[in-house]
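These notes are about the structure you will find just below.
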Amino acid sequence: MKFAIQSKEDVLSENVKKQMERYFQDFQIEMDEENPDIVVSIGGDGTLLQAFHRYQHRIKETAFVGVHTGHLGFYADWLSTEIDKLAEAIARNPFEIVEYPLLEVLIRYRDGEDSRFIALNECTIKSKGGTLVLDIQMKNKYFETFRGDGLCVSTPTGSTAYNKALGGAIIHPTIEAFQVTEMASINNRVFRTIGSPLILPKHHTCLIHPNGDTDFQITLDHLSLDEENIQSIQFRVADEKVRFVRFRPFPFWNRVRDAFVADDNRGI
Ligand code: NAP
Ligand code: MN
């Protein structure tokens with residue numbers, strides 16, 4: 001079993017990384033930056049997104065675990081003061097792996113080329129200027145023409161991120177689905193969109209075609225791409241899954257509550 005550490009690279013995360021490396025030495029745990037089986041991300045959720053994209057080529061072989069050095073995260077759920085326990089749990093072996101769905105994004109260009117991406121949180125589509133106009137197909141049937149600022153297409157684990165800020169639902173990550181939310185759609189007597197977030201199951205596709213401008217600003221998690229001459233973009237639940245190492249239970253709904261509601265109000 002080989003390990004790698006991805007740090008946010010701030011002072012605290014670097015200190016925690018050094019401590020973690022010392023524990024790994026003590027437990028004679030092998031490190032391998034290139035081909036790790038387990039990646040420990042130290043920082044925040046954003047750090048885990050970076051780790052995910054860095055090791056994407058090994059997605060089937062690599063599992064992730066996140067330590068937070070700031071606030072409680074969705075992907076980073078170990079405290080930096082607990083890394084002795086984490087190192088011990090790692091050394092003890094074996095551990096449980098949980099798998100969550102990812103989003104597949106297939107971009108077709110007008111010259112016939114295509115590119116395939118996967119996102120852990122979401123993909124957003126925005127125009128490079130002016131109103132974004134898109135024809136949207138759901139499961140190969142015309143659904144609507146969208147006019148507005150943009151679209152956000154998110155995974156279940158990404159549903160607590162950008163998606164939530166857009167009024168999307170929080171989806172439990174055992175549900176294999178993806179969610180489409182609107183950013184400021186134009187709705188009046190002439191133009192109409194559904195207005196509600198849509199949740200699509202596995203094997204359903206959402207396909208968008210530009211209606212007018214074919215250049216978009218596309219984000220994949222923390223990454224931003226300027227894409228030109230786009231023919232279409234297809235979204236679906238990816239065949240690959242992201243793997244997290246689970247050393248102790250931390251139910252998703254507890255995480256949602258601790259992050260967004262309160263961790264002191266136990267209610268009645
Ligand atoms: P960032 O600006 O630090 O991210 C914004 C916030 O989203 C941070 O607090 C981040 O946590 C948190 N976050 C990331 N993934 C999350 C998840 N799955 N559930 C709940 N919170 C999550 O930038 P970043 O760290 O590179 O993260 C990129 C992500 O930011 C994007 O994937 C997108 O989801 C999100 N974003 C949100 C908005 C918005 O809410 N209006 C706008 C743009 C982007 P950490 O501080 O622990 O990193
Ligand atoms: Mn961040």
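Residue names in the structure tokens use chain letters A, B, ... in the order shown, residue numbers from 1 in each chain, and ligand numbers from 1 in the order shown.
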
All alpha helix (DSSP H) positions in stretch 25-204 of chain A, as number ranges by chain | A: 25-26, 45-54, 83-92, 162-165

Once you have the residues from the selection above, write them out as an mmCIF file, in the first residue's frame, restricted to C-alpha atoms.
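File result.cif, as written:
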data_model
loop_
_atom_site.group_PDB
_atom_site.id
_atom_site.type_symbol
_atom_site.label_atom_id
_atom_site.label_comp_id
_atom_site.auth_asym_id
_atom_site.auth_seq_id
_atom_site.Cartn_x
_atom_site.Cartn_y
_atom_site.Cartn_z
ATOM 1 C CA GLN A 25 7.975 6.816 8.709
ATOM 2 C CA ASP A 26 7.343 5.414 12.200
ATOM 3 C CA ASP A 45 -12.473 20.555 0.195
ATOM 4 C CA GLY A 46 -10.687 22.531 -2.523
ATOM 5 C CA THR A 47 -7.475 20.635 -1.739
ATOM 6 C CA LEU A 48 -9.277 17.339 -2.216
ATOM 7 C CA LEU A 49 -10.603 18.583 -5.567
ATOM 8 C CA GLN A 50 -6.992 19.289 -6.586
ATOM 9 C CA ALA A 51 -5.878 15.835 -5.432
ATOM 10 C CA PHE A 52 -8.750 14.223 -7.337
ATOM 11 C CA HIS A 53 -7.779 15.929 -10.602
ATOM 12 C CA ARG A 54 -4.086 15.252 -10.083
ATOM 13 C CA ILE A 83 -3.809 12.768 12.504
ATOM 14 C CA ASP A 84 -2.136 10.431 14.993
ATOM 15 C CA LYS A 85 -5.424 8.475 15.033
ATOM 16 C CA LEU A 86 -5.615 8.628 11.253
ATOM 17 C CA ALA A 87 -2.020 7.387 10.823
ATOM 18 C CA GLU A 88 -2.734 4.552 13.259
ATOM 19 C CA ALA A 89 -5.917 3.580 11.436
ATOM 20 C CA ILE A 90 -4.001 3.615 8.139
ATOM 21 C CA ALA A 91 -1.213 1.440 9.598
ATOM 22 C CA ARG A 92 -3.714 -1.001 11.120
ATOM 23 C CA TYR A 162 -22.106 25.620 -5.914
ATOM 24 C CA ASN A 163 -25.357 23.710 -6.548
ATOM 25 C CA LYS A 164 -26.614 24.549 -3.060
ATOM 26 C CA ALA A 165 -25.951 28.255 -3.564
#

If you take only C-alpha atoms and all ligand atoms and a cut-off of 8 Å, which residues of chain A touch ligand 1, and what are their nearest atom pairs and distances in Å to one decimal, in chain and number order, as a tab-separated table?
residue	atom	partner	partner_atom_place_in_ligand_line	distance
A:Gly43	CA	ligand 1	47 (O)	7.0
A:Gly44	CA	ligand 1	47 (O)	3.4
A:Asp45	CA	ligand 1	47 (O)	3.8
A:Gly46	CA	ligand 1	25 (O)	3.1
A:Thr47	CA	ligand 1	48 (O)	6.4
A:Leu49	CA	ligand 1	27 (O)	7.0
A:Gln50	CA	ligand 1	26 (O)	7.7
A:His68	CA	ligand 1	47 (O)	7.3
A:Gly70	CA	ligand 1	47 (O)	6.9
A:His71	CA	ligand 1	47 (O)	6.4
A:Leu72	CA	ligand 1	47 (O)	7.0
A:Gly73	CA	ligand 1	47 (O)	5.1
A:Phe74	CA	ligand 1	19 (N)	5.1
A:Tyr75	CA	ligand 1	18 (N)	6.6
A:Ala76	CA	ligand 1	47 (O)	7.2
A:Leu120	CA	ligand 1	32 (O)	7.7
A:Asn121	CA	ligand 1	32 (O)	5.0
A:Glu122	CA	ligand 1	32 (O)	5.8
A:Cys123	CA	ligand 1	32 (O)	7.8
A:Thr157	CA	ligand 1	18 (N)	5.2
A:Gly158	CA	ligand 1	18 (N)	4.1
A:Ser159	CA	ligand 1	18 (N)	6.5
A:Thr160	CA	ligand 1	19 (N)	4.1
A:Ala161	CA	ligand 1	20 (C)	4.0
A:Tyr162	CA	ligand 1	37 (C)	3.8
A:Asn163	CA	ligand 1	34 (O)	6.8
A:Lys164	CA	ligand 1	40 (O)	6.9
A:Ala165	CA	ligand 1	40 (O)	4.8
A:Leu166	CA	ligand 1	41 (N)	7.3
A:Leu220	CA	ligand 1	32 (O)	6.9
A:Asp221	CA	ligand 1	32 (O)	3.6
A:His222	CA	ligand 1	28 (C)	4.1
A:Leu223	CA	ligand 1	26 (O)	7.7

Residue nearest A:Pro251 among A:Phe27, A:Gly66, A:Lys139, A:Asp77 (counting only C-alpha atoms) =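 Checking each candidate against A:Pro251, we get A:Asp77 as the closest.
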
If you count only C-alpha atoms, which residues fall within 10 Å of A:Asp10, apart from same-chain ones fewer than 4 positions away, as a PyMOL selection string?
-> chain A and resi 14-15+42-43+69

Just to be explicit: take each residue in the selection above, keep N, CA and C atoms, and write the result as a tab-separated table (two decimals), in the first residue's frame.
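The result, written out as out.tsv:
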chain	number	residue	atom	x	y	z
A	14	GLU	N	1.15	22.60	5.79
A	14	GLU	CA	2.52	22.08	5.61
A	14	GLU	C	3.02	21.44	6.91
A	15	ASN	N	2.69	22.05	8.06
A	15	ASN	CA	3.07	21.48	9.35
A	15	ASN	C	2.42	20.13	9.57
A	42	ILE	N	-4.58	17.38	2.68
A	42	ILE	CA	-4.53	18.20	3.90
A	42	ILE	C	-4.81	19.65	3.53
A	43	GLY	N	-5.92	20.18	3.98
A	43	GLY	CA	-6.31	21.56	3.64
A	43	GLY	C	-7.81	21.70	3.77
A	69	THR	N	-7.68	21.68	7.66
A	69	THR	CA	-6.88	22.59	8.49
A	69	THR	C	-7.61	23.93	8.64

Check stretch 41-266 of chain A with DSSP on the backbone and list each residue it calls strand (DSSP E), as an MDAnalysis selection string.
-> chainID A and resid 41:43 63:68 76:79 96:109 114:119 122:127 132:138 141:154 177:185 198:201 206:210 216:220 223:227 230:246

Within 8 Å of stretch 200-205 of chain A, counting only C-alpha atoms, which residues qualify if same-chain residues fewer than 2 places away don't, as number ranges by chain?
-> A: 138-140, 176-179, 198, 207, 234-237

How would the residues just picked look written out with N, CA and C atoms as a PDB file, in the first residue's frame?
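So the final result, stored in result-v1.pdb, reads:
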ATOM      1  N   MET A 138     -33.195  16.547 -22.984  1.00  0.00           N
ATOM      2  CA  MET A 138     -33.148  15.571 -21.897  1.00  0.00           C
ATOM      3  C   MET A 138     -33.441  14.222 -22.517  1.00  0.00           C
ATOM      4  N   LYS A 139     -32.563  13.277 -22.320  1.00  0.00           N
ATOM      5  CA  LYS A 139     -32.736  11.917 -22.846  1.00  0.00           C
ATOM      6  C   LYS A 139     -33.095  11.966 -24.331  1.00  0.00           C
ATOM      7  N   ASN A 140     -32.323  12.754 -25.077  1.00  0.00           N
ATOM      8  CA  ASN A 140     -32.437  12.837 -26.537  1.00  0.00           C
ATOM      9  C   ASN A 140     -33.705  13.510 -27.073  1.00  0.00           C
ATOM     10  N   GLU A 176     -27.251   7.460  -7.400  1.00  0.00           N
ATOM     11  CA  GLU A 176     -26.496   7.665  -8.637  1.00  0.00           C
ATOM     12  C   GLU A 176     -27.292   8.579  -9.556  1.00  0.00           C
ATOM     13  N   ALA A 177     -26.968   9.847  -9.496  1.00  0.00           N
ATOM     14  CA  ALA A 177     -27.738  10.848 -10.219  1.00  0.00           C
ATOM     15  C   ALA A 177     -26.872  12.075 -10.440  1.00  0.00           C
ATOM     16  N   PHE A 178     -27.378  13.013 -11.251  1.00  0.00           N
ATOM     17  CA  PHE A 178     -26.753  14.336 -11.342  1.00  0.00           C
ATOM     18  C   PHE A 178     -27.859  15.376 -11.412  1.00  0.00           C
ATOM     19  N   GLN A 179     -27.502  16.612 -11.090  1.00  0.00           N
ATOM     20  CA  GLN A 179     -28.513  17.668 -10.947  1.00  0.00           C
ATOM     21  C   GLN A 179     -28.169  18.868 -11.827  1.00  0.00           C
ATOM     22  N   LEU A 198     -33.322  20.146 -11.787  1.00  0.00           N
ATOM     23  CA  LEU A 198     -33.748  18.837 -12.306  1.00  0.00           C
ATOM     24  C   LEU A 198     -32.732  17.784 -11.885  1.00  0.00           C
ATOM     25  N   LEU A 207     -28.177  16.990 -22.836  1.00  0.00           N
ATOM     26  CA  LEU A 207     -27.314  17.399 -23.951  1.00  0.00           C
ATOM     27  C   LEU A 207     -27.614  18.854 -24.275  1.00  0.00           C
ATOM     28  N   GLN A 234     -22.402  16.963 -23.558  1.00  0.00           N
ATOM     29  CA  GLN A 234     -23.302  15.954 -22.985  1.00  0.00           C
ATOM     30  C   GLN A 234     -22.895  15.631 -21.546  1.00  0.00           C
ATOM     31  N   PHE A 235     -23.905  15.583 -20.678  1.00  0.00           N
ATOM     32  CA  PHE A 235     -23.667  15.245 -19.263  1.00  0.00           C
ATOM     33  C   PHE A 235     -24.362  13.931 -18.942  1.00  0.00           C
ATOM     34  N   ARG A 236     -23.695  13.105 -18.157  1.00  0.00           N
ATOM     35  CA  ARG A 236     -24.341  11.908 -17.617  1.00  0.00           C
ATOM     36  C   ARG A 236     -23.565  11.438 -16.390  1.00  0.00           C
ATOM     37  N   VAL A 237     -24.119  10.475 -15.654  1.00  0.00           N
ATOM     38  CA  VAL A 237     -23.383   9.897 -14.522  1.00  0.00           C
ATOM     39  C   VAL A 237     -22.234   9.087 -15.133  1.00  0.00           C
TER      40      VAL A 237
END

Can you list, as a VMD selection string, every protein, DNA or RNA residue that comes within 10 Å of A:Pro197 when you count only C-alpha atoms, leaving out same-chain residues fewer than 6 positions away?
-> chain A and resid 152 to 153 163 166 to 169 179 to 182

Just the residues within 9 Å of stretch 2-6 of chain A, please, counting only C-alpha atoms, with nothing from its chain fewer than 6 positions along; format it as a list in words.
->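 Listed by chain and then number, they are Lys17, Met20, Glu21, Phe24, Ile29, Glu30, Met31, Asp32, Glu33, Glu34, Asn35, Pro36, Asp37, Ile38, Val39, Val40, Ser41, Ile42, Gly43, Thr47, Leu48, Gln50 and Ala51 of chain A.
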
Rounded to one decimal place, report the atom CA of A:Thr155-atom CA of A:Glu240 distance in Å.
->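 Going from atom CA of A:Thr155 over to atom CA of A:Glu240, I get 12.6 Å.
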